file target27.txt (compact mmCIF, C-alpha atoms)
# COMPACT_ATOMS: atom_id res chain seq x y z
CA MET A 171 211.81 260.26 114.15
CA THR A 172 210.13 263.54 115.07
CA ASP A 173 207.19 263.46 117.44
CA LEU A 174 204.39 265.29 115.66
CA SER A 175 202.82 266.45 118.92
CA THR A 176 205.99 268.38 119.82
CA VAL A 177 206.23 269.96 116.39
CA SER A 178 202.67 271.26 116.46
CA ASN A 179 202.55 271.84 120.24
CA ILE A 180 199.18 270.06 120.35
CA GLU A 181 198.32 267.90 123.32
CA ALA A 182 195.59 265.27 123.29
CA SER A 183 193.62 267.46 125.70
CA ASP A 184 193.71 270.28 123.13
CA ILE A 185 191.35 268.43 120.79
CA SER A 186 188.09 270.31 120.56
CA PRO A 187 184.69 268.60 120.89
CA GLU A 188 184.14 269.23 117.16
CA GLU A 189 187.39 267.41 116.35
CA GLN A 190 186.35 264.56 118.65
CA TYR A 191 183.03 264.27 116.82
CA TYR A 192 184.89 264.10 113.50
CA ILE A 193 187.22 261.40 114.85
CA ARG A 194 184.33 259.33 116.20
CA ILE A 195 182.48 259.39 112.86
CA ALA A 196 185.71 258.67 110.97
CA ASN A 197 186.44 255.72 113.27
CA LEU A 198 182.98 254.29 112.68
CA LEU A 199 183.26 254.65 108.92
CA LEU A 200 186.89 253.66 108.45
CA ARG A 201 187.32 250.93 111.06
CA VAL A 202 183.90 249.40 111.70
CA ALA A 203 182.00 249.77 108.41
CA PRO A 204 184.59 248.04 106.16
CA THR A 205 184.26 244.80 108.14
CA ALA A 206 180.48 244.76 107.66
CA VAL A 207 180.74 245.75 103.99
CA ARG A 208 183.32 242.99 103.47
CA VAL A 209 180.83 240.41 104.75
CA LYS A 210 178.25 241.67 102.23
CA PHE A 211 180.92 241.77 99.52
CA ASP A 212 181.89 238.14 100.20
CA GLN A 213 178.20 237.15 100.07
CA GLU A 214 177.92 238.74 96.63
CA PHE A 215 181.32 237.55 95.38
CA TYR A 216 182.17 234.13 96.75
CA PRO A 217 185.89 234.39 97.61
CA GLY A 218 186.75 231.21 95.70
CA GLY A 219 185.15 232.62 92.55
CA LEU A 220 186.22 236.25 92.88
CA LYS A 221 189.10 235.96 90.41
CA ALA A 222 186.81 234.46 87.76
CA VAL A 223 184.19 237.21 88.22
CA LEU A 224 186.84 239.92 87.97
CA ASN A 225 188.43 238.35 84.89
CA LEU A 226 185.00 238.00 83.26
CA ASN A 227 184.37 241.72 83.76
CA LYS A 228 187.94 242.98 83.27
CA PHE A 229 187.57 244.45 79.81
CA ASN A 230 183.87 245.27 79.50
CA ILE A 231 183.31 247.00 82.88
CA LEU A 232 186.42 247.28 85.04
CA ALA A 233 188.77 248.67 82.37
CA HIS A 234 186.18 251.36 81.64
CA LEU A 235 186.05 252.27 85.35
CA LYS A 236 189.85 252.47 85.40
CA GLN A 237 189.84 254.67 82.30
CA LYS A 238 187.33 257.00 84.01
CA ARG A 239 189.58 256.97 87.12
CA VAL A 240 186.88 255.42 89.27
CA ILE A 241 189.37 252.62 89.92
CA ASN A 242 192.97 253.75 90.39
CA GLN A 243 196.17 251.82 89.60
CA PRO A 244 196.80 250.54 93.15
CA GLN A 245 193.21 249.25 93.29
CA TRP A 246 193.63 247.67 89.85
CA ASP A 247 196.75 245.91 91.10
CA LEU A 248 194.72 244.45 93.98
CA LEU A 249 192.05 243.24 91.57
CA PHE A 250 194.58 241.68 89.20
CA PRO A 251 197.69 240.78 91.20
CA ILE A 252 200.75 239.54 89.33
CA SER A 253 200.77 236.43 91.49
CA GLY A 254 198.13 234.86 93.66
CA LYS A 255 194.44 235.60 93.77
CA PRO A 256 192.54 238.78 94.62
CA ALA A 257 191.05 238.79 98.10
CA SER A 258 188.50 241.11 99.65
CA ASP A 259 190.59 241.49 102.79
CA THR A 260 192.98 243.62 100.72
CA PHE A 261 190.19 245.86 99.37
CA ASP A 262 189.21 249.13 101.01
CA LEU A 263 185.66 250.32 101.57
CA THR A 264 185.61 252.39 98.38
CA LEU A 265 186.72 249.53 96.14
CA MET A 266 184.29 247.02 97.65
CA ILE A 267 181.34 249.40 97.26
CA CYS A 268 182.44 250.25 93.70
CA LEU A 269 182.50 246.57 92.75
CA ILE A 270 179.15 245.89 94.40
CA LYS A 271 177.67 248.88 92.56
CA ASN A 272 179.06 247.93 89.16
CA LEU A 273 179.05 244.13 89.19
CA THR A 274 175.82 243.26 91.03
CA ASN A 275 172.17 244.24 90.85
CA ILE A 276 172.43 246.18 94.11
CA GLU A 277 171.72 249.84 93.44
CA VAL A 278 174.29 252.03 95.20
CA GLY A 279 173.76 255.72 94.63
CA ASP A 280 175.72 258.92 95.11
CA GLU A 281 173.09 260.89 97.02
CA LEU A 282 171.85 260.17 100.51
CA PRO A 283 168.74 257.96 100.28
CA PHE A 284 165.57 258.87 102.14
CA SER A 285 165.54 257.55 105.69
CA GLY A 286 162.75 255.04 105.06
CA ASN A 287 164.78 253.20 102.44
CA GLU A 288 166.34 250.24 104.23
CA THR A 289 167.57 248.18 101.28
CA ASP A 290 171.14 246.91 101.17
CA GLY A 291 171.81 249.40 98.38
CA ALA A 292 170.54 252.29 100.49
CA ASP A 293 172.65 251.17 103.44
CA LEU A 294 175.76 250.92 101.26
CA THR A 295 174.94 254.34 99.81
CA ARG A 296 174.74 255.82 103.32
CA ILE A 297 178.15 254.39 104.21
CA LYS A 298 179.62 255.68 100.94
CA TYR A 299 178.00 259.12 101.33
CA TYR A 300 179.22 259.74 104.88
CA ARG A 301 182.63 258.24 104.18
CA ASN A 302 183.04 260.76 101.36
CA LYS A 303 181.87 263.61 103.60
CA ILE A 304 184.53 262.71 106.18
CA MET A 305 187.34 262.05 103.72
CA HIS A 306 186.74 265.25 101.76
CA SER A 307 186.41 267.47 104.81
CA ASN A 308 188.81 270.40 104.72
CA ASP A 309 188.74 271.24 108.42
CA GLY A 310 188.44 267.90 110.25
CA ILE A 311 185.63 269.07 112.48
CA VAL A 312 181.96 268.18 112.87
CA SER A 313 179.53 270.24 114.90
CA GLU A 314 177.57 268.58 117.69
CA SER A 315 174.28 268.86 115.79
CA THR A 316 175.84 267.46 112.62
CA PHE A 317 177.48 264.67 114.62
CA LYS A 318 174.15 263.67 116.17
CA SER A 319 172.41 263.77 112.81
CA TRP A 320 175.12 261.77 111.03
CA TRP A 321 175.45 259.30 113.90
CA ASP A 322 171.70 258.68 113.89
CA GLU A 323 171.65 258.22 110.11
CA ILE A 324 174.67 255.92 110.07
CA SER A 325 173.23 253.96 113.01
CA ARG A 326 170.17 253.21 110.89
CA VAL A 327 172.40 251.25 108.55
CA ARG A 328 171.61 247.65 109.11
CA LEU A 329 175.23 246.57 109.23
CA HIS A 330 174.14 243.56 111.23
CA SER A 331 172.12 242.44 108.21
CA PHE A 332 175.40 242.06 106.36
CA SER A 333 176.75 239.66 108.97
CA ALA A 334 177.41 236.08 108.03
CA THR A 335 174.49 233.73 108.38

call {"tool": "encode", "arguments": {"input": "target27.txt", "output": "structure tokens"}}
result
Amino acid sequence: MTDLSTVSNIEASDISPEEQYYIRIANLLLRVAPTAVRVKFDQEFYPGGLKAVLNLNKFNILAHLKQKRVINQPQWDLLFPISGKPASDTFDLTLMICLIKNLTNIEVGDELPFSGNETDGADLTRIKYYRNKIMHSNDGIVSESTFKSWWDEISRVRLHSFSAT
């Protein structure tokens, strides 16, 4: 197997501060946030009843989302496995937020909510918004000022409010 660092001649010390900021935000959104969102997801969709909820909404809501390519085939396969039951621990952040948005009364938007909005829907929207900003970045860098702004905004998310009670 080829060592990527030797191919690109990049050492860990060669990572710029802007790349470090990007990595820190990405880590927060891709490693920390899904755990908190999963707790909220499991509060909304009791794990023992998840299969029934998904089957109930398979043709009237979920198939439409698949047709519009909001849900892709690998995600569909997780929702409706050939054997066994669906489980939130196999769902990524995007799929969990999509299901919360489309199968509950929690309003999850596409635009960043105003900072005073501290509802669960606003917090989920913030996570979704910044996750999309990171995942659709072309350069993999974040300036210091942007990092501070994003970090402050993401830190306002009441992820602890999603924790199990």

call {"tool": "atom_distance", "arguments": {"input": "target27.txt", "atom1": "atom CA of A:Thr260", "atom2": "atom CA of A:Ala292"}}
result
24.1 Å

call {"tool": "closest_residue", "arguments": {"input": "target27.txt", "among": "A:Gln213, A:Leu294, A:Ala206, A:Cys268", "to": "A:Leu232", "atoms": "only C-alpha atoms"}}
result
A:Cys268

call {"tool": "closest_residue", "arguments": {"input": "target27.txt", "among": "A:Arg301, A:Arg208, A:His234, A:Arg328", "to": "A:Asn272", "atoms": "only C-alpha atoms"}}
result
A:His234

call {"tool": "axis_aligned_box", "arguments": {"input": "target27.txt", "around": "stretch 231-235 of chain A", "padding_each_side": "8 Å", "output": "AutoDock Vina command-line options"}}
result
--center_x 186.0 --center_y 249.6 --center_z 83.5 --size_x 21.5 --size_y 21.3 --size_z 19.7

call {"tool": "residues_around", "arguments": {"input": "target27.txt", "residues": "A:Phe261", "least_positions_apart": "4", "cutoff": "10 Å", "atoms": "only C-alpha atoms", "output": "PyMOL selection string"}}
result
chain A and resi 204+208+245+248-249+256-257+265-267

call {"tool": "atom_distance", "arguments": {"input": "target27.txt", "atom1": "atom CA of A:Asp184", "atom2": "atom CA of A:Glu323"}}
result
28.3 Å

call {"tool": "residues_near_point", "arguments": {"input": "target27.txt", "point": "(173.4, 255.0, 93.0)", "cutoff": "12 Å", "atoms": "only C-alpha atoms", "output": "PyMOL selection string"}}
result
chain A and resi 267-268+270-272+275-283+290-296+298-299

call {"tool": "closest_residue", "arguments": {"input": "target27.txt", "among": "A:Ser253, A:Phe215, A:Ser313, A:Leu226", "to": "A:Pro187", "atoms": "only C-alpha atoms"}}
result
A:Ser313

call {"tool": "residues_near_point", "arguments": {"input": "target27.txt", "point": "(176.6, 258.7, 110.0)", "cutoff": "9 Å", "atoms": "only C-alpha atoms", "output": "count of residues only"}}
result
19

call {"tool": "atom_distance", "arguments": {"input": "target27.txt", "atom1": "atom CA of A:Leu220", "atom2": "atom CA of A:Lys238"}}
result
22.6 Å

call {"tool": "closest_residue", "arguments": {"input": "target27.txt", "among": "A:Asn197, A:Ser285, A:Lys255, A:Val312", "to": "A:Pro217", "atoms": "all atoms listed in the file"}}
result
A:Lys255
